[in-house]
file input_21.cif (mmCIF, C-alpha atoms)
data_target
#
loop_
_atom_site.label_atom_id
_atom_site.label_comp_id
_atom_site.auth_asym_id
_atom_site.auth_seq_id
_atom_site.Cartn_x
_atom_site.Cartn_y
_atom_site.Cartn_z
CA MET A 6 103.11 165.54 116.30
CA LEU A 7 102.84 165.58 112.49
CA THR A 8 101.59 161.99 112.55
CA ALA A 9 98.96 162.89 115.15
CA LEU A 10 97.78 165.84 113.08
CA LYS A 11 97.60 163.71 109.95
CA ARG A 12 95.52 161.08 111.73
CA SER A 13 93.20 163.73 113.14
CA PHE A 14 91.75 164.38 109.68
CA PRO A 15 90.86 162.12 106.77
CA HIS A 16 93.21 162.06 103.79
CA VAL A 17 90.75 163.99 101.64
CA SER A 18 91.05 166.91 104.05
CA TRP A 19 94.82 167.09 103.62
CA TRP A 20 94.53 166.79 99.83
CA ILE A 21 92.10 169.70 99.67
CA ALA A 22 94.28 171.66 102.11
CA LEU A 23 97.29 171.07 99.85
CA VAL A 24 95.43 172.40 96.81
CA LEU A 25 94.26 175.51 98.67
CA TRP A 26 97.73 176.09 100.14
CA TRP A 27 99.24 175.93 96.65
CA ALA A 28 96.72 178.51 95.48
CA SER A 29 97.49 180.74 98.48
CA VAL A 30 101.18 181.16 97.61
CA HIS A 31 100.46 182.46 94.12
CA PRO A 32 101.14 186.19 93.68
CA THR A 33 98.51 188.92 93.79
CA LEU A 34 98.71 192.61 92.98
CA MET A 35 100.86 193.55 95.98
CA PRO A 36 103.87 191.79 97.55
CA ARG A 37 103.37 190.07 100.88
CA THR A 38 105.48 189.88 103.99
CA SER A 39 106.43 186.52 105.45
CA VAL A 40 103.96 186.95 108.30
CA THR A 41 101.11 187.94 105.98
CA GLN A 42 101.77 184.99 103.69
CA GLY A 43 101.99 182.66 106.67
CA MET A 44 98.60 183.81 107.93
CA ILE A 45 97.00 183.47 104.49
CA SER A 46 98.48 180.01 104.00
CA ALA A 47 97.29 178.88 107.43
CA VAL A 48 93.76 180.06 106.66
CA ALA A 49 93.88 178.16 103.35
CA ILE A 50 95.02 174.97 105.09
CA GLY A 51 92.39 175.34 107.81
CA LEU A 52 89.67 175.87 105.22
CA GLY A 53 90.84 172.81 103.32
CA LEU A 54 90.77 170.65 106.44
CA MET A 55 87.28 171.86 107.29
CA VAL A 56 85.89 171.30 103.79
CA GLY A 57 87.57 167.91 103.54
CA SER A 58 86.17 166.82 106.89
CA LEU A 59 82.68 167.84 105.77
CA VAL A 60 83.08 165.89 102.52
CA HIS A 61 84.27 162.85 104.46
CA VAL A 62 81.30 163.02 106.84
CA VAL A 63 78.83 163.27 103.96
CA VAL A 64 80.45 160.40 102.05
CA ALA A 65 80.59 158.25 105.21
CA ALA A 66 76.90 158.94 105.91
CA ILE A 67 75.93 157.97 102.38
CA ALA A 68 78.09 154.84 102.56
CA THR A 69 76.50 153.82 105.85
CA ARG A 70 72.98 154.25 104.52
CA THR A 71 73.75 152.31 101.36
CA GLY A 72 75.63 149.54 103.18
CA ARG A 73 78.96 150.34 101.57
CA SER A 74 82.37 151.30 102.93
CA VAL A 75 84.10 154.66 102.49
CA PRO A 76 86.23 154.42 99.32
CA THR A 77 90.02 154.50 99.73
CA PRO A 78 91.50 154.90 96.22
CA LEU A 79 95.14 154.52 97.32
CA GLY A 80 94.53 151.88 99.95
CA GLY A 81 97.22 151.50 102.59
CA ARG A 82 99.63 153.64 100.58
CA GLY A 83 97.45 156.72 100.91
CA GLY A 84 99.32 158.14 103.90
CA ARG A 85 102.75 157.75 102.28
CA VAL A 86 101.59 159.24 98.98
CA LEU A 87 100.06 162.15 100.85
CA ALA A 88 103.25 162.79 102.82
CA VAL A 89 105.38 162.73 99.65
CA ALA A 90 102.96 165.07 97.88
CA TRP A 91 103.09 167.58 100.74
CA ALA A 92 106.90 167.41 100.85
CA VAL A 93 107.37 167.92 97.10
CA VAL A 94 104.65 170.51 96.59
CA GLY A 95 105.68 172.30 99.79
CA VAL A 96 109.31 172.71 98.75
CA VAL A 97 108.43 173.73 95.20
CA GLY A 98 105.74 176.10 96.46
CA VAL A 99 107.89 178.04 98.92
CA VAL A 100 110.72 178.38 96.38
CA LEU A 101 108.35 179.67 93.71
CA TRP A 102 106.67 181.95 96.26
CA HIS A 103 109.99 183.62 97.02
CA GLY A 104 110.65 184.28 93.34
CA TRP A 105 107.12 185.50 92.69
CA GLN A 106 107.26 187.88 95.63
CA ASN A 107 110.55 189.39 94.43
CA ASP A 108 108.95 189.87 91.01
CA GLN A 109 106.04 191.66 92.68
CA ARG A 110 108.45 193.80 94.71
CA ALA A 111 110.27 194.80 91.53
CA LEU A 112 106.99 195.91 89.96
CA VAL A 113 106.36 198.38 92.79
CA GLY A 114 109.96 199.57 93.03
CA LEU A 115 111.03 197.62 96.12
CA GLU A 116 114.36 195.89 96.62
CA PRO A 117 114.41 192.08 96.40
CA VAL A 118 114.78 190.10 99.62
CA GLY A 119 116.79 186.99 100.39
CA ALA A 120 115.61 183.42 100.60
CA ALA A 121 115.85 183.57 104.39
CA ARG A 122 112.34 185.07 104.48
CA ILE A 123 111.02 181.62 103.60
CA VAL A 124 111.79 180.43 107.14
CA PRO A 125 109.47 182.81 109.04
CA MET A 126 106.74 182.22 106.45
CA VAL A 127 106.87 178.46 107.02
CA VAL A 128 107.05 178.87 110.80
CA VAL A 129 104.05 181.24 110.90
CA THR A 130 102.07 178.91 108.65
CA ALA A 131 102.78 175.90 110.87
CA VAL A 132 102.12 177.67 114.17
CA VAL A 133 98.89 179.35 113.06
CA THR A 134 97.64 176.13 111.44
CA VAL A 135 98.17 174.20 114.67
CA LEU A 136 96.45 177.02 116.56
CA PHE A 137 93.46 176.83 114.21
CA ILE A 138 93.26 173.06 114.69
CA VAL A 139 93.37 173.39 118.49
CA ILE A 140 90.67 176.07 118.42
CA GLY A 141 88.59 173.91 116.11
CA ARG A 142 88.91 170.96 118.48
CA LEU A 143 87.83 173.11 121.43
CA VAL A 144 84.88 174.48 119.47
CA GLY A 145 83.88 170.94 118.50
CA MET A 146 84.00 169.83 122.13
CA GLY A 147 81.86 172.82 123.10
CA VAL A 148 79.30 172.10 120.39
CA ARG A 149 79.02 168.47 121.51
CA ARG A 150 78.46 169.54 125.11
CA VAL A 151 75.81 172.03 124.05
CA HIS A 152 74.10 169.33 122.00
CA ARG A 153 74.10 166.90 124.94
CA GLY A 154 72.57 169.59 127.15
CA VAL A 155 69.93 170.43 124.57
CA THR A 156 68.91 166.78 124.14
CA ARG A 157 67.99 166.67 127.84
CA VAL A 158 65.51 169.51 127.39
CA VAL A 159 63.97 169.14 123.92
CA PRO A 160 62.96 166.10 121.82
CA ALA A 161 65.66 164.39 119.76
CA TRP A 162 64.15 165.54 116.45
CA LEU A 163 64.47 169.16 117.58
CA ALA A 164 67.87 168.88 119.30
CA VAL A 165 70.02 169.28 116.19
CA ALA A 166 68.17 172.37 114.97
CA SER A 167 68.26 173.89 118.46
CA THR A 168 72.00 173.28 118.76
CA VAL A 169 72.62 174.89 115.37
CA VAL A 170 70.61 177.96 116.38
CA ILE A 171 72.42 178.31 119.72
CA VAL A 172 75.88 177.94 118.16
CA ALA A 173 74.99 180.35 115.35
CA LEU A 174 73.82 182.98 117.85
CA VAL A 175 77.01 182.61 119.90
CA VAL A 176 79.23 182.85 116.80
CA TRP A 177 77.29 185.84 115.48
CA THR A 178 77.52 187.64 118.82
CA LEU A 179 81.26 187.07 119.10
CA ALA A 180 81.83 188.02 115.47
CA VAL A 181 79.90 191.28 115.74
CA THR A 182 80.74 192.45 119.25
CA VAL A 183 84.33 191.23 119.59
CA VAL A 184 86.00 190.46 116.27
CA GLY A 185 83.92 192.86 114.16
CA ALA A 186 84.35 195.82 116.49
CA ARG A 187 88.10 195.36 116.77
CA LEU A 188 88.43 194.87 113.01
CA LEU A 189 86.56 198.10 112.33
CA ASP A 190 88.75 199.94 114.84
CA ALA A 191 91.87 198.59 113.14
CA ILE A 192 90.59 199.61 109.69
CA ASN A 193 89.68 203.08 110.92
CA THR A 194 93.09 203.48 112.51
CA ALA A 195 94.91 202.34 109.38
CA TYR A 196 92.93 204.24 106.76
CA SER A 197 91.34 207.23 108.45
CA THR A 198 92.78 210.71 107.98
CA VAL A 199 95.35 211.68 110.57
CA ASP A 200 95.43 215.47 110.21
CA ASP A 201 92.43 217.32 108.77
CA GLY A 202 93.69 220.78 109.74
CA THR A 203 95.99 223.34 108.14
CA GLU A 204 99.55 224.10 109.23
CA PRO A 205 99.95 227.41 111.09
CA GLY A 206 100.67 230.25 108.67
CA VAL A 207 99.24 228.42 105.65
CA GLU A 208 96.18 230.00 104.11
CA PRO A 209 93.68 227.42 102.85
CA THR A 210 92.76 227.78 99.18
CA THR A 211 89.35 229.10 98.24
CA ARG A 212 89.47 227.86 94.64
CA THR A 213 87.15 225.08 93.58
CA CYS A 214 89.67 223.52 91.18
CA ALA A 215 93.40 223.56 90.59
CA ARG A 216 95.29 224.34 87.37
CA ALA A 217 96.68 221.14 85.84
CA GLY A 218 98.87 222.90 83.29
CA ARG A 219 99.13 225.90 81.03
CA GLY A 220 95.82 226.40 79.31
CA HIS A 221 94.13 223.47 81.15
CA TRP A 222 91.87 223.24 84.19
#
call {"tool": "encode", "arguments": {"input": "input_21.cif", "output": "structure tokens"}}
result
Amino acid sequence: MLTALKRSFPHVSWWIALVLWWASVHPTLMPRTSVTQGMISAVAIGLGLMVGSLVHVVVAAIATRTGRSVPTPLGGRGGRVLAVAWAVVGVVGVVLWHGWQNDQRALVGLEPVGAARIVPMVVVTAVVTVLFIVIGRLVGMGVRRVHRGVTRVVPAWLAVASTVVIVALVVWTLAVTVVGARLLDAINTAYSTVDDGTEPGVEPTTRTCARAGRGHW
């Protein structure tokens, strides 16, 4: 399965994904759970694969127009070098991530956690990354079908622009009506006030400010 995934994208995609994954495990202001880190890492890998694929397409198009071949700096060893890089950087990254997260937990007064939390982080990253790839493949198949349908109706010079507009409208509609609405509901649920009333028997204050200390307002 790993070999199939590696062959599904050009090497440049996996190199960019590795760089973005490495950046994703670096600490921020707040500690992260294994699931949260796994999701962030999967998004970073998916973004890297997408950007790398775009770069490869552009380079291949330029090479075709200029009569050249797509450059392969490492030649036939590129796949092995890439696999070793992922293995080394991956192991070092998850070990450092665990230490960094315990440092962040100490800063906010939380107890350190064991190295076992690395396992669910890696599992979530792998599962969500594969899910992103599958979804991306399905979306790509859908876009190609839409484009074939459009080319039967409009001239070839207008087909690409028409396909882009149709796909953009579909994505925008789904983002606003489905994902956006649910995201706003989740944010409102998490951060909205739960109880705006006053407990029975408690008289609400009528003062406009509270005393901060003796002689201060």
call {"tool": "atom_distance", "arguments": {"input": "input_21.cif", "atom1": "atom CA of A:Leu54", "atom2": "atom CA of A:Val94"}}
result
17.0 Å
call {"tool": "resolve_selection", "arguments": {"input": "input_21.cif", "expression": "the PyMOL selection byres ((chain A and resi 48) around 10)", "output": "VMD selection string"}}
result
chain A and resid 22 25 to 26 29 42 to 47 49 to 54 130 133 to 134 137
call {"tool": "resolve_selection", "arguments": {"input": "input_21.cif", "expression": "the PyMOL selection byres ((chain A and resi 91-93) around 12)", "output": "list in words"}}
result
Leu7, Lys11, His16, Trp19, Trp20, Ile21, Ala22, Leu23, Val24, Trp26, Trp27, Ile50, Gly84, Arg85, Val86, Leu87, Ala88, Val89, Ala90, Val94, Gly95, Val96, Val97, Gly98, Val99 and Val100 of chain A
call {"tool": "residues_around", "arguments": {"input": "input_21.cif", "residues": "stretch 59-72 of chain A", "least_positions_apart": "6", "cutoff": "8 Å", "atoms": "all atoms listed in the file", "output": "PyMOL selection string"}}
result
chain A and resi 15+17-18
call {"tool": "atom_distance", "arguments": {"input": "input_21.cif", "atom1": "atom CA of A:Val128", "atom2": "atom CA of A:Val30"}}
result
14.6 Å
